[in-house]
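Please read the structure below before turning to the comments.
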Amino acid sequence: MLRQVRLFLALAALIFVGWAGVASAQLTDRQSEFYKGWLSTADRAESVVEADRASDAAMEQLRTEIDGYRNTFNTARNANADRIQTLESQVKALGPAPEEGVTEPEDIAQLREHLDEQLNALRVPRIISEEAFSRANGLISEIDRILRERQRKQFLERGPSPLNLSTWPAAWSDIREALFGLFNETTASLTSDVTKERVQNQAPAILALVALAVILLVYGRRWSERGGDYLRRFGGRGTGAWTFVISLLRIILPWIGVVALTAAIDLTGVLGLRGTLLLQQVPYWAAIVLVFDWVGRQVYLMAAAQNFRRFSAGQITEIRIYVDILAVMLILHDLIGLFERIENIADSTRAVVIFPVIVVTSLLLLRIRQIRRSDPPTEGGEIPRASGFSQVVEVVRRIVLMLGVSAPVLALLGYTNAAEAIVFPAVNTLILIAILVIVQRFISSLYGWFTGQGDNARDSLFAVLVGFFLALVSIPILALFWGAREADLSEIWSQILQGFSLGGVTISPSNFLTFVAVFAIGYGLTRLLQGGLRNSLLPKTSIDPGGQNAIVSGTGYVGIFLASLVAITVAGFDLSSLAIVAGALSVGIGFGLQTIVSNFVSGIILLVERPISKGDWIDVNGMMGYVRDISVRSTRIETFDRTDVIVPNSDLISGVVTNYTRGNTIGRVIVPVGVAYGTDTRKVETILGEIANSHPMVLANPAPSVVFQGFGADSLDFEIRGILRDVNWVLSVKSDMNHEINRRFVEEGIEIPFAQRDVWLRNPEALRAESQDPTATASEQRAPSTEPAAMTEGDLDGDGGDEV
């Protein structure tokens, strides 16, 4: 089936190339030569892929060539897009082409022909580039598939076990031959005249490099301390920032010294081929030792800064030793790999030589894990637990250590490649995690220094965001540790740059960043406009505060909508393909989010119609208070006991709302009062009228009135009814009038009655005779009850004295 598909594609390519040959006048000579080179490379790649016999290095080289062509075609296929769109719009403006047998005006026909020629001239390179880009993509995918399959086979390949004692003599013989070969090459090179002459010619440079190396190796750390003392003059003492910088200098300066010493030895030429290959790895091995030692030192400093709460000083020292030994194990692993490439040793020899390194590395990881389990409990008796980024680090660290411990078992079973692919990446991952934690702590310390937060910055949101960013940055490095190829990472990155399709909309980093930038600018301008309206323009107008708030809120919604629309347009998102999806979502919104949508629409109605405004005194569903804020979903009401009540906007639209201050603050006050029966009602009416008219908050027009309501059960009931200039003062006015009423009634001798009841007995003589009967004996009198009396609902009267 695959062969048939390829044959079909080949025929289609031949037809296309033939058509392209007809349009060769529309391609430049340089483009034609480039395309011919691509065809040759593509044919060669297809042959290599089909044969599947090329080495990994050859495959990688071929992939690199194809990737270069693909990048060029990717750029070419997007070229002249604006010009093509313009020409297509011009052709569309001319209307549809005339049908067969129908003619159109000559000038329009000439213009249509001219536009078609220009359009075809621009389309040909674009179509060719599109086809070549697709072909390059397919070839790269096939090469990546072959290489990944080879990696998988190599990982699962089972070789000789290191426990096979018959392979040990051959392994020892290979090691001895390699050592003798290195010694013989170096000895021969030292005694040769060419080497002596070279040393004499390069003596000044060699001496200068050696002197530089000695100075940096001997005095590098001392200079680092002096540099740190100088930097502390700029501030930040006690934050640990300059200590971190000094620790980096303690790595960099000695490493430069090692590089200088390596260059000096290389200039002498005293080493043979084996020695030269080893010498080239020395800077890398020195970097491993310095970095691992640096990590151990930083871990010690971090524990000391926490007063060794999680680890004791002895445990930290032990961990530092193990970390340094792990660095040696990584160097031995790299040295064994170099030994295999130089001497071309057998698989059995490699299995025997690498097994001790795997075992020691796994034991070190296991020991570090055991030390980690001995965390001391806190004062409450609980073992401290990490959270956030530290918790993620802890989980990854546990997984890495468990994988590292399983490596010796795989090596014993003969899966040496799998064991190596697990244990040594586990060590690298463990060190990388430690470096990330150290760097996060350093950046948080800098943030705490600049903001004045000090050590509190390590628990801030900024520290969490820094940890998240460092985790993202470390993902490619971790992928390389665990066997990913650089080509795989570059392929992923190229796919990200090309973008991905979501509902027919292509989203790439470029248009996404464009959208974010344009929207951020629009959002900022909207907020600036709102601030100008709220603080500068609207306060100078006669618009009420509620109207001002509605204008500011409406401006914000319109501004955000326009910013989103402009950002989508500038970013080049075509949302027409999302119409069906939006229609389907509208159904879901109608059913699942109908309450939210109802509140949103109600909020828009409130802002437009403004039946209530910010600062109004309203009563809705028995909740009375002042409106403090109106948003698109709800309204915040501050009650008189200073509590906030959030009312959905739909309740304000569909329910009954009493607005006491809408339009104006004029409102009525009613003050009831009762006097004793027998009081002169006209005198009472006169006194109450004087009290109402004398209060400054009561309007004279309309004048207040005194109403004789009627004859109550205990009093003659009157009411003062007046219109206040500000209804917000209604409680204060009631209080003032009640004080004045009490004072005037006392002066005039008018009594304010309270409730009284008279009890009449119909047959008091019967009760009196029963209590004085001399013939009644003690036994005939009622004896005390031995059971509780049966109670009814009438006995549970709240005023009967039965309450506890």
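Identifiers in the structure tokens: chain A, B, ... in order shown; residue index from 1 per chain; ligand index from 1 in order shown.
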- Message: Could you list, as a PyMOL selection string, every residue within 8 Å of Val258 (chain A), counting only C-alpha atoms and ignoring same-chain residues fewer than 5 positions away?
- Response: chain A and resi 213+217+282-283+286
- Message: From a backbone DSSP assignment, name each residue in region 565-732 of chain A labelled strand (DSSP E), as a PyMOL selection string.
- Response: chain A and resi 617-620+623-630+634-639+644-648+657-659+667-675+705-711+716-724
For the alpha helix (DSSP H) assignment from backbone DSSP, which residues of region 319-459 of chain A qualify? Please present them as an mmCIF file with N, CA and C atoms, in the first residue's frame.
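File selection_31.cif, as written:
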```cif
data_model
loop_
_atom_site.group_PDB
_atom_site.id
_atom_site.type_symbol
_atom_site.label_atom_id
_atom_site.label_comp_id
_atom_site.auth_asym_id
_atom_site.auth_seq_id
_atom_site.Cartn_x
_atom_site.Cartn_y
_atom_site.Cartn_z
ATOM 1 N N ILE A 319 26.067 14.343 52.176
ATOM 2 C CA ILE A 319 25.471 14.535 50.846
ATOM 3 C C ILE A 319 26.466 15.204 49.902
ATOM 4 N N ARG A 320 27.223 16.174 50.407
ATOM 5 C CA ARG A 320 28.231 16.828 49.557
ATOM 6 C C ARG A 320 29.263 15.817 49.058
ATOM 7 N N ILE A 321 29.684 14.921 49.916
ATOM 8 C CA ILE A 321 30.658 13.903 49.497
ATOM 9 C C ILE A 321 30.066 13.011 48.414
ATOM 10 N N TYR A 322 28.816 12.605 48.612
ATOM 11 C CA TYR A 322 28.181 11.739 47.622
ATOM 12 C C TYR A 322 28.005 12.459 46.288
ATOM 13 N N VAL A 323 27.688 13.739 46.328
ATOM 14 C CA VAL A 323 27.527 14.503 45.080
ATOM 15 C C VAL A 323 28.846 14.589 44.334
ATOM 16 N N ASP A 324 29.939 14.808 45.062
ATOM 17 C CA ASP A 324 31.254 14.845 44.406
ATOM 18 C C ASP A 324 31.604 13.484 43.793
ATOM 19 N N ILE A 325 31.270 12.398 44.477
ATOM 20 C CA ILE A 325 31.540 11.061 43.916
ATOM 21 C C ILE A 325 30.671 10.819 42.680
ATOM 22 N N LEU A 326 29.442 11.315 42.686
ATOM 23 C CA LEU A 326 28.592 11.188 41.496
ATOM 24 C C LEU A 326 29.213 11.888 40.293
ATOM 25 N N ALA A 327 29.881 13.008 40.538
ATOM 26 C CA ALA A 327 30.581 13.687 39.440
ATOM 27 C C ALA A 327 31.677 12.782 38.878
ATOM 28 N N VAL A 328 32.399 12.108 39.757
ATOM 29 C CA VAL A 328 33.445 11.183 39.294
ATOM 30 C C VAL A 328 32.833 10.042 38.489
ATOM 31 N N MET A 329 31.655 9.551 38.927
ATOM 32 C CA MET A 329 31.001 8.476 38.188
ATOM 33 C C MET A 329 30.584 8.921 36.786
ATOM 34 N N LEU A 330 30.106 10.148 36.660
ATOM 35 C CA LEU A 330 29.755 10.648 35.329
ATOM 36 C C LEU A 330 30.995 10.755 34.438
ATOM 37 N N ILE A 331 32.109 11.177 35.031
ATOM 38 C CA ILE A 331 33.345 11.271 34.249
ATOM 39 C C ILE A 331 33.802 9.884 33.812
ATOM 40 N N LEU A 332 33.709 8.901 34.703
ATOM 41 C CA LEU A 332 34.084 7.531 34.335
ATOM 42 C C LEU A 332 33.184 6.983 33.230
ATOM 43 N N HIS A 333 31.907 7.301 33.308
ATOM 44 C CA HIS A 333 30.986 6.855 32.247
ATOM 45 C C HIS A 333 31.375 7.462 30.909
ATOM 46 N N ASP A 334 31.675 8.747 30.899
ATOM 47 C CA ASP A 334 32.089 9.392 29.658
ATOM 48 C C ASP A 334 33.428 8.835 29.184
ATOM 49 N N LEU A 335 34.320 8.543 30.120
ATOM 50 C CA LEU A 335 35.627 7.978 29.757
ATOM 51 C C LEU A 335 35.474 6.583 29.146
ATOM 52 N N ILE A 336 34.551 5.786 29.678
ATOM 53 C CA ILE A 336 34.317 4.452 29.113
ATOM 54 C C ILE A 336 33.729 4.552 27.715
ATOM 55 N N GLY A 337 32.845 5.518 27.504
ATOM 56 C CA GLY A 337 32.323 5.721 26.159
ATOM 57 C C GLY A 337 33.407 6.114 25.184
ATOM 58 N N LEU A 338 34.317 6.987 25.616
ATOM 59 C CA LEU A 338 35.443 7.362 24.762
ATOM 60 C C LEU A 338 36.357 6.168 24.526
ATOM 61 N N PHE A 339 36.560 5.351 25.538
ATOM 62 C CA PHE A 339 37.363 4.135 25.414
ATOM 63 C C PHE A 339 36.754 3.182 24.380
ATOM 64 N N GLU A 340 35.441 3.094 24.361
ATOM 65 C CA GLU A 340 34.776 2.223 23.390
ATOM 66 C C GLU A 340 34.948 2.747 21.967
ATOM 67 N N ARG A 341 34.839 4.058 21.791
ATOM 68 C CA ARG A 341 34.963 4.613 20.440
ATOM 69 C C ARG A 341 36.390 4.507 19.919
ATOM 70 N N ILE A 342 37.397 4.673 20.802
ATOM 71 C CA ILE A 342 38.790 4.646 20.349
ATOM 72 C C ILE A 342 39.241 3.213 20.069
ATOM 73 N N GLU A 343 38.980 2.316 21.004
ATOM 74 C CA GLU A 343 39.508 0.959 20.910
ATOM 75 C C GLU A 343 38.554 -0.005 20.205
ATOM 76 N N ASP A 347 31.112 -5.801 23.078
ATOM 77 C CA ASP A 347 30.017 -5.491 23.998
ATOM 78 C C ASP A 347 30.243 -6.116 25.370
ATOM 79 N N SER A 348 30.846 -7.295 25.398
ATOM 80 C CA SER A 348 31.098 -7.946 26.682
ATOM 81 C C SER A 348 32.074 -7.142 27.529
ATOM 82 N N THR A 349 33.096 -6.575 26.878
ATOM 83 C CA THR A 349 34.058 -5.741 27.612
ATOM 84 C C THR A 349 33.389 -4.503 28.177
ATOM 85 N N ARG A 350 32.527 -3.885 27.366
ATOM 86 C CA ARG A 350 31.839 -2.681 27.855
ATOM 87 C C ARG A 350 30.922 -3.030 29.022
ATOM 88 N N ALA A 351 30.247 -4.167 28.942
ATOM 89 C CA ALA A 351 29.343 -4.552 30.027
ATOM 90 C C ALA A 351 30.110 -4.770 31.326
ATOM 91 N N VAL A 352 31.291 -5.394 31.242
ATOM 92 C CA VAL A 352 32.094 -5.649 32.448
ATOM 93 C C VAL A 352 32.647 -4.350 33.012
ATOM 94 N N VAL A 353 33.106 -3.450 32.148
ATOM 95 C CA VAL A 353 33.748 -2.221 32.615
ATOM 96 C C VAL A 353 32.729 -1.250 33.193
ATOM 97 N N ILE A 354 31.556 -1.150 32.569
ATOM 98 C CA ILE A 354 30.581 -0.153 33.001
ATOM 99 C C ILE A 354 29.788 -0.616 34.222
ATOM 100 N N PHE A 355 29.732 -1.920 34.487
ATOM 101 C CA PHE A 355 28.889 -2.424 35.579
ATOM 102 C C PHE A 355 29.283 -1.863 36.946
ATOM 103 N N PRO A 356 30.573 -1.829 37.324
ATOM 104 C CA PRO A 356 30.904 -1.239 38.636
ATOM 105 C C PRO A 356 30.477 0.226 38.750
ATOM 106 N N VAL A 357 30.598 0.964 37.669
ATOM 107 C CA VAL A 357 30.196 2.382 37.701
ATOM 108 C C VAL A 357 28.691 2.497 37.919
ATOM 109 N N ILE A 358 27.923 1.635 37.247
ATOM 110 C CA ILE A 358 26.465 1.665 37.419
ATOM 111 C C ILE A 358 26.094 1.326 38.854
ATOM 112 N N VAL A 359 26.733 0.299 39.412
ATOM 113 C CA VAL A 359 26.408 -0.126 40.772
ATOM 114 C C VAL A 359 26.731 0.962 41.783
ATOM 115 N N VAL A 360 27.929 1.543 41.681
ATOM 116 C CA VAL A 360 28.316 2.599 42.630
ATOM 117 C C VAL A 360 27.373 3.800 42.512
ATOM 118 N N THR A 361 27.029 4.191 41.283
ATOM 119 C CA THR A 361 26.120 5.332 41.087
ATOM 120 C C THR A 361 24.758 5.048 41.702
ATOM 121 N N SER A 362 24.233 3.841 41.501
ATOM 122 C CA SER A 362 22.930 3.487 42.065
ATOM 123 C C SER A 362 22.967 3.472 43.592
ATOM 124 N N LEU A 363 24.057 2.941 44.159
ATOM 125 C CA LEU A 363 24.178 2.928 45.620
ATOM 126 C C LEU A 363 24.233 4.345 46.184
ATOM 127 N N LEU A 364 24.913 5.223 45.487
ATOM 128 C CA LEU A 364 24.959 6.620 45.945
ATOM 129 C C LEU A 364 23.579 7.253 45.915
ATOM 130 N N LEU A 365 22.821 7.011 44.849
ATOM 131 C CA LEU A 365 21.461 7.553 44.775
ATOM 132 C C LEU A 365 20.588 6.982 45.890
ATOM 133 N N LEU A 366 20.741 5.677 46.153
ATOM 134 C CA LEU A 366 19.965 5.063 47.216
ATOM 135 C C LEU A 366 20.325 5.641 48.580
ATOM 136 N N ARG A 367 21.597 5.884 48.805
ATOM 137 C CA ARG A 367 22.028 6.441 50.089
ATOM 138 C C ARG A 367 21.506 7.869 50.266
ATOM 139 N N ILE A 368 21.527 8.645 49.190
ATOM 140 C CA ILE A 368 20.978 10.003 49.276
ATOM 141 C C ILE A 368 19.493 9.945 49.612
ATOM 142 N N ARG A 369 18.805 8.975 49.014
ATOM 143 C CA ARG A 369 17.385 8.809 49.313
ATOM 144 C C ARG A 369 17.167 8.430 50.776
ATOM 145 N N GLN A 370 18.004 7.589 51.320
ATOM 146 C CA GLN A 370 17.870 7.195 52.724
ATOM 147 C C GLN A 370 18.111 8.371 53.658
ATOM 148 N N ILE A 371 19.063 9.191 53.317
ATOM 149 C CA ILE A 371 19.292 10.391 54.132
ATOM 150 C C ILE A 371 18.082 11.311 54.064
ATOM 151 N N ARG A 372 17.478 11.394 52.915
ATOM 152 C CA ARG A 372 16.313 12.260 52.751
ATOM 153 C C ARG A 372 15.125 11.784 53.569
ATOM 154 N N ARG A 373 15.028 10.476 53.805
ATOM 155 C CA ARG A 373 13.921 9.943 54.575
ATOM 156 C C ARG A 373 14.057 10.199 56.061
ATOM 157 N N PHE A 389 6.040 24.621 43.965
ATOM 158 C CA PHE A 389 7.151 24.193 43.122
ATOM 159 C C PHE A 389 8.030 23.185 43.854
ATOM 160 N N SER A 390 8.198 23.358 45.168
ATOM 161 C CA SER A 390 9.007 22.411 45.930
ATOM 162 C C SER A 390 8.386 21.022 45.934
ATOM 163 N N GLN A 391 7.057 20.950 45.941
ATOM 164 C CA GLN A 391 6.407 19.648 45.918
ATOM 165 C C GLN A 391 6.634 18.953 44.582
ATOM 166 N N VAL A 392 6.557 19.706 43.488
ATOM 167 C CA VAL A 392 6.845 19.127 42.175
ATOM 168 C C VAL A 392 8.277 18.620 42.121
ATOM 169 N N VAL A 393 9.204 19.419 42.644
ATOM 170 C CA VAL A 393 10.604 19.004 42.675
ATOM 171 C C VAL A 393 10.763 17.716 43.470
ATOM 172 N N GLU A 394 10.050 17.621 44.607
ATOM 173 C CA GLU A 394 10.160 16.435 45.449
ATOM 174 C C GLU A 394 9.652 15.194 44.719
ATOM 175 N N VAL A 395 8.537 15.310 44.005
ATOM 176 C CA VAL A 395 7.987 14.160 43.279
ATOM 177 C C VAL A 395 8.948 13.708 42.185
ATOM 178 N N VAL A 396 9.465 14.666 41.408
ATOM 179 C CA VAL A 396 10.398 14.316 40.335
ATOM 180 C C VAL A 396 11.652 13.679 40.915
ATOM 181 N N ARG A 397 12.130 14.187 42.041
ATOM 182 C CA ARG A 397 13.342 13.647 42.646
ATOM 183 C C ARG A 397 13.141 12.200 43.097
ATOM 184 N N ARG A 398 11.971 11.908 43.651
ATOM 185 C CA ARG A 398 11.708 10.531 44.085
ATOM 186 C C ARG A 398 11.668 9.577 42.894
ATOM 187 N N ILE A 399 11.023 10.005 41.813
ATOM 188 C CA ILE A 399 10.955 9.145 40.627
ATOM 189 C C ILE A 399 12.342 8.890 40.064
ATOM 190 N N VAL A 400 13.161 9.937 40.016
ATOM 191 C CA VAL A 400 14.507 9.802 39.473
ATOM 192 C C VAL A 400 15.336 8.841 40.317
ATOM 193 N N LEU A 401 15.235 8.965 41.634
ATOM 194 C CA LEU A 401 16.012 8.077 42.501
ATOM 195 C C LEU A 401 15.562 6.624 42.380
ATOM 196 N N MET A 402 14.275 6.394 42.240
ATOM 197 C CA MET A 402 13.786 5.028 42.087
ATOM 198 C C MET A 402 14.265 4.414 40.767
ATOM 199 N N LEU A 403 14.272 5.224 39.701
ATOM 200 C CA LEU A 403 14.784 4.720 38.432
ATOM 201 C C LEU A 403 16.271 4.399 38.528
ATOM 202 N N GLY A 404 16.995 5.262 39.245
ATOM 203 C CA GLY A 404 18.425 5.012 39.385
ATOM 204 C C GLY A 404 18.730 3.728 40.125
ATOM 205 N N VAL A 405 17.922 3.389 41.116
ATOM 206 C CA VAL A 405 18.157 2.170 41.890
ATOM 207 C C VAL A 405 17.882 0.920 41.048
ATOM 208 N N SER A 406 16.957 1.021 40.070
ATOM 209 C CA SER A 406 16.620 -0.146 39.249
ATOM 210 C C SER A 406 17.665 -0.456 38.193
ATOM 211 N N ALA A 407 18.642 0.412 37.977
ATOM 212 C CA ALA A 407 19.626 0.214 36.908
ATOM 213 C C ALA A 407 20.499 -1.019 37.106
ATOM 214 N N PRO A 408 21.036 -1.292 38.292
ATOM 215 C CA PRO A 408 21.887 -2.488 38.427
ATOM 216 C C PRO A 408 21.175 -3.780 38.071
ATOM 217 N N VAL A 409 19.896 -3.874 38.377
ATOM 218 C CA VAL A 409 19.152 -5.082 38.041
ATOM 219 C C VAL A 409 19.117 -5.282 36.533
ATOM 220 N N LEU A 410 18.885 -4.207 35.805
ATOM 221 C CA LEU A 410 18.871 -4.309 34.346
ATOM 222 C C LEU A 410 20.249 -4.685 33.808
ATOM 223 N N ALA A 411 21.300 -4.105 34.396
ATOM 224 C CA ALA A 411 22.651 -4.427 33.940
ATOM 225 C C ALA A 411 22.979 -5.903 34.190
ATOM 226 N N LEU A 412 22.554 -6.442 35.313
ATOM 227 C CA LEU A 412 22.799 -7.855 35.592
ATOM 228 C C LEU A 412 22.098 -8.766 34.596
ATOM 229 N N THR A 416 22.450 -3.602 29.427
ATOM 230 C CA THR A 416 23.401 -2.571 29.826
ATOM 231 C C THR A 416 23.015 -1.206 29.270
ATOM 232 N N ASN A 417 22.576 -1.171 28.011
ATOM 233 C CA ASN A 417 22.174 0.107 27.407
ATOM 234 C C ASN A 417 21.022 0.738 28.170
ATOM 235 N N ALA A 418 20.032 -0.072 28.556
ATOM 236 C CA ALA A 418 18.903 0.462 29.320
ATOM 237 C C ALA A 418 19.346 0.964 30.686
ATOM 238 N N ALA A 419 20.262 0.222 31.326
ATOM 239 C CA ALA A 419 20.751 0.654 32.640
ATOM 240 C C ALA A 419 21.481 1.992 32.533
ATOM 241 N N GLU A 420 22.340 2.126 31.511
ATOM 242 C CA GLU A 420 23.044 3.402 31.326
ATOM 243 C C GLU A 420 22.072 4.526 31.007
ATOM 244 N N ALA A 421 21.049 4.222 30.206
ATOM 245 C CA ALA A 421 20.089 5.254 29.812
ATOM 246 C C ALA A 421 19.178 5.668 30.958
ATOM 247 N N ILE A 422 19.264 4.985 32.102
ATOM 248 C CA ILE A 422 18.432 5.328 33.249
ATOM 249 C C ILE A 422 19.240 5.981 34.365
ATOM 250 N N VAL A 423 20.342 5.351 34.760
ATOM 251 C CA VAL A 423 21.016 5.786 35.970
ATOM 252 C C VAL A 423 21.738 7.115 35.775
ATOM 253 N N PHE A 424 22.445 7.278 34.654
ATOM 254 C CA PHE A 424 23.207 8.517 34.485
ATOM 255 C C PHE A 424 22.315 9.724 34.153
ATOM 256 N N PRO A 425 21.277 9.570 33.321
ATOM 257 C CA PRO A 425 20.318 10.679 33.226
ATOM 258 C C PRO A 425 19.635 11.000 34.549
ATOM 259 N N ALA A 426 19.460 9.978 35.415
ATOM 260 C CA ALA A 426 18.874 10.247 36.735
ATOM 261 C C ALA A 426 19.777 11.166 37.553
ATOM 262 N N VAL A 427 21.089 10.929 37.474
ATOM 263 C CA VAL A 427 22.030 11.793 38.196
ATOM 264 C C VAL A 427 21.971 13.214 37.641
ATOM 265 N N ASN A 428 21.997 13.343 36.311
ATOM 266 C CA ASN A 428 21.935 14.669 35.698
ATOM 267 C C ASN A 428 20.643 15.392 36.054
ATOM 268 N N THR A 429 19.545 14.640 36.073
ATOM 269 C CA THR A 429 18.260 15.260 36.414
ATOM 270 C C THR A 429 18.254 15.727 37.861
ATOM 271 N N LEU A 430 18.811 14.913 38.754
ATOM 272 C CA LEU A 430 18.867 15.290 40.169
ATOM 273 C C LEU A 430 19.668 16.573 40.365
ATOM 274 N N ILE A 431 20.797 16.674 39.681
ATOM 275 C CA ILE A 431 21.619 17.880 39.802
ATOM 276 C C ILE A 431 20.917 19.079 39.164
ATOM 277 N N LEU A 432 20.237 18.851 38.034
ATOM 278 C CA LEU A 432 19.517 19.951 37.394
ATOM 279 C C LEU A 432 18.415 20.485 38.299
ATOM 280 N N ILE A 433 17.707 19.601 38.975
ATOM 281 C CA ILE A 433 16.666 20.044 39.909
ATOM 282 C C ILE A 433 17.275 20.885 41.031
ATOM 283 N N ALA A 434 18.409 20.440 41.541
ATOM 284 C CA ALA A 434 19.077 21.217 42.589
ATOM 285 C C ALA A 434 19.479 22.591 42.074
ATOM 286 N N ILE A 435 19.979 22.649 40.846
ATOM 287 C CA ILE A 435 20.378 23.939 40.274
ATOM 288 C C ILE A 435 19.166 24.844 40.118
ATOM 289 N N LEU A 436 18.030 24.286 39.680
ATOM 290 C CA LEU A 436 16.816 25.099 39.532
ATOM 291 C C LEU A 436 16.372 25.674 40.868
ATOM 292 N N VAL A 437 16.416 24.862 41.911
ATOM 293 C CA VAL A 437 16.025 25.354 43.244
ATOM 294 C C VAL A 437 16.971 26.460 43.700
ATOM 295 N N ILE A 438 18.270 26.282 43.445
ATOM 296 C CA ILE A 438 19.251 27.297 43.854
ATOM 297 C C ILE A 438 19.035 28.602 43.093
ATOM 298 N N VAL A 439 18.802 28.486 41.784
ATOM 299 C CA VAL A 439 18.587 29.692 40.971
ATOM 300 C C VAL A 439 17.293 30.388 41.373
ATOM 301 N N GLN A 440 16.247 29.617 41.639
ATOM 302 C CA GLN A 440 14.995 30.232 42.085
ATOM 303 C C GLN A 440 15.191 30.978 43.398
ATOM 304 N N ARG A 441 15.935 30.390 44.288
ATOM 305 C CA ARG A 441 16.201 31.045 45.576
ATOM 306 C C ARG A 441 16.989 32.336 45.372
ATOM 307 N N PHE A 442 17.960 32.307 44.443
ATOM 308 C CA PHE A 442 18.762 33.498 44.178
ATOM 309 C C PHE A 442 17.896 34.615 43.589
ATOM 310 N N ILE A 443 17.056 34.280 42.594
ATOM 311 C CA ILE A 443 16.203 35.302 41.980
ATOM 312 C C ILE A 443 15.208 35.852 43.000
ATOM 313 N N SER A 444 14.673 34.990 43.841
ATOM 314 C CA SER A 444 13.755 35.465 44.887
ATOM 315 C C SER A 444 14.471 36.378 45.875
ATOM 316 N N SER A 445 15.746 36.076 46.168
ATOM 317 C CA SER A 445 16.512 36.949 47.063
ATOM 318 C C SER A 445 16.724 38.319 46.430
ATOM 319 N N LEU A 446 17.024 38.344 45.131
ATOM 320 C CA LEU A 446 17.163 39.624 44.436
ATOM 321 C C LEU A 446 15.852 40.409 44.480
ATOM 322 N N TYR A 447 14.747 39.706 44.244
ATOM 323 C CA TYR A 447 13.440 40.362 44.288
ATOM 324 C C TYR A 447 13.147 40.915 45.683
ATOM 325 N N GLY A 448 13.469 40.115 46.701
ATOM 326 C CA GLY A 448 13.273 40.596 48.066
ATOM 327 C C GLY A 448 14.159 41.779 48.407
ATOM 328 N N TRP A 449 15.363 41.818 47.819
ATOM 329 C CA TRP A 449 16.266 42.951 48.057
ATOM 330 C C TRP A 449 15.730 44.210 47.410
ATOM 331 N N PHE A 450 15.303 44.113 46.146
ATOM 332 C CA PHE A 450 14.833 45.298 45.428
ATOM 333 C C PHE A 450 13.504 45.813 45.977
ATOM 334 N N THR A 451 12.625 44.902 46.404
ATOM 335 C CA THR A 451 11.313 45.325 46.895
ATOM 336 C C THR A 451 11.271 45.569 48.390
#
```
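The environment of Ile618 (chain A) within 6 Å, counting only C-alpha atoms and disregarding residues fewer than 4 places along the same chain, consists of Met624, Gly625, Thr658, Asn659 and Tyr660 of chain A.
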So that I have them on file, write out the residues from the current selection with C-alpha atoms, as a PDB file, in the first residue's frame.
```
ATOM      1  CA  MET A 624     -32.546  47.958  52.479  1.00  0.00           C
ATOM      2  CA  GLY A 625     -29.364  49.939  51.950  1.00  0.00           C
ATOM      3  CA  THR A 658     -38.258  50.614  46.118  1.00  0.00           C
ATOM      4  CA  ASN A 659     -35.926  53.513  45.367  1.00  0.00           C
ATOM      5  CA  TYR A 660     -36.159  56.202  48.046  1.00  0.00           C
TER       6      TYR A 660
END
```
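When only C-alpha atoms are used to compute distances to Gln85 (chain A), the closest of the residues A:Gln281, A:Ser602, A:Gln118, A:Thr64 turns out to be A:Gln118.
Every protein or nucleic acid residue with an atom no more than 8 Å from region 195-208 of chain A, counting only C-alpha atoms and leaving out same-chain residues fewer than 5 positions away, appears here: Ser189, Leu190, Ala264, Ile265, Leu267, Thr268, Gly269 and Val270 of chain A.
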Output for the residues just chosen: N, CA, C and O atoms as an mmCIF file, in the first residue's frame:
```cif
data_model
loop_
_atom_site.group_PDB
_atom_site.id
_atom_site.type_symbol
_atom_site.label_atom_id
_atom_site.label_comp_id
_atom_site.auth_asym_id
_atom_site.auth_seq_id
_atom_site.Cartn_x
_atom_site.Cartn_y
_atom_site.Cartn_z
ATOM 1 N N SER A 189 55.799 10.349 21.421
ATOM 2 C CA SER A 189 55.661 11.763 21.073
ATOM 3 C C SER A 189 56.636 12.625 21.858
ATOM 4 O O SER A 189 57.174 13.618 21.341
ATOM 5 N N LEU A 190 56.894 12.282 23.123
ATOM 6 C CA LEU A 190 57.821 13.068 23.932
ATOM 7 C C LEU A 190 59.249 13.001 23.386
ATOM 8 O O LEU A 190 60.010 13.976 23.470
ATOM 9 N N ALA A 264 47.581 24.796 26.855
ATOM 10 C CA ALA A 264 49.051 24.756 26.904
ATOM 11 C C ALA A 264 49.570 23.358 26.594
ATOM 12 O O ALA A 264 50.540 23.188 25.829
ATOM 13 N N ILE A 265 48.931 22.346 27.171
ATOM 14 C CA ILE A 265 49.364 20.969 26.894
ATOM 15 C C ILE A 265 49.140 20.628 25.428
ATOM 16 O O ILE A 265 49.967 19.954 24.789
ATOM 17 N N LEU A 267 49.274 22.653 22.933
ATOM 18 C CA LEU A 267 50.291 23.331 22.113
ATOM 19 C C LEU A 267 51.613 22.568 22.107
ATOM 20 O O LEU A 267 52.367 22.635 21.133
ATOM 21 N N THR A 268 51.885 21.864 23.180
ATOM 22 C CA THR A 268 53.158 21.118 23.209
ATOM 23 C C THR A 268 53.166 19.965 22.231
ATOM 24 O O THR A 268 54.229 19.581 21.723
ATOM 25 N N GLY A 269 52.001 19.364 21.981
ATOM 26 C CA GLY A 269 51.934 18.233 21.076
ATOM 27 C C GLY A 269 52.547 16.967 21.631
ATOM 28 O O GLY A 269 52.928 16.075 20.862
ATOM 29 N N VAL A 270 52.678 16.869 22.963
ATOM 30 C CA VAL A 270 53.333 15.708 23.562
ATOM 31 C C VAL A 270 52.411 14.492 23.606
ATOM 32 O O VAL A 270 52.862 13.388 23.878
#
```
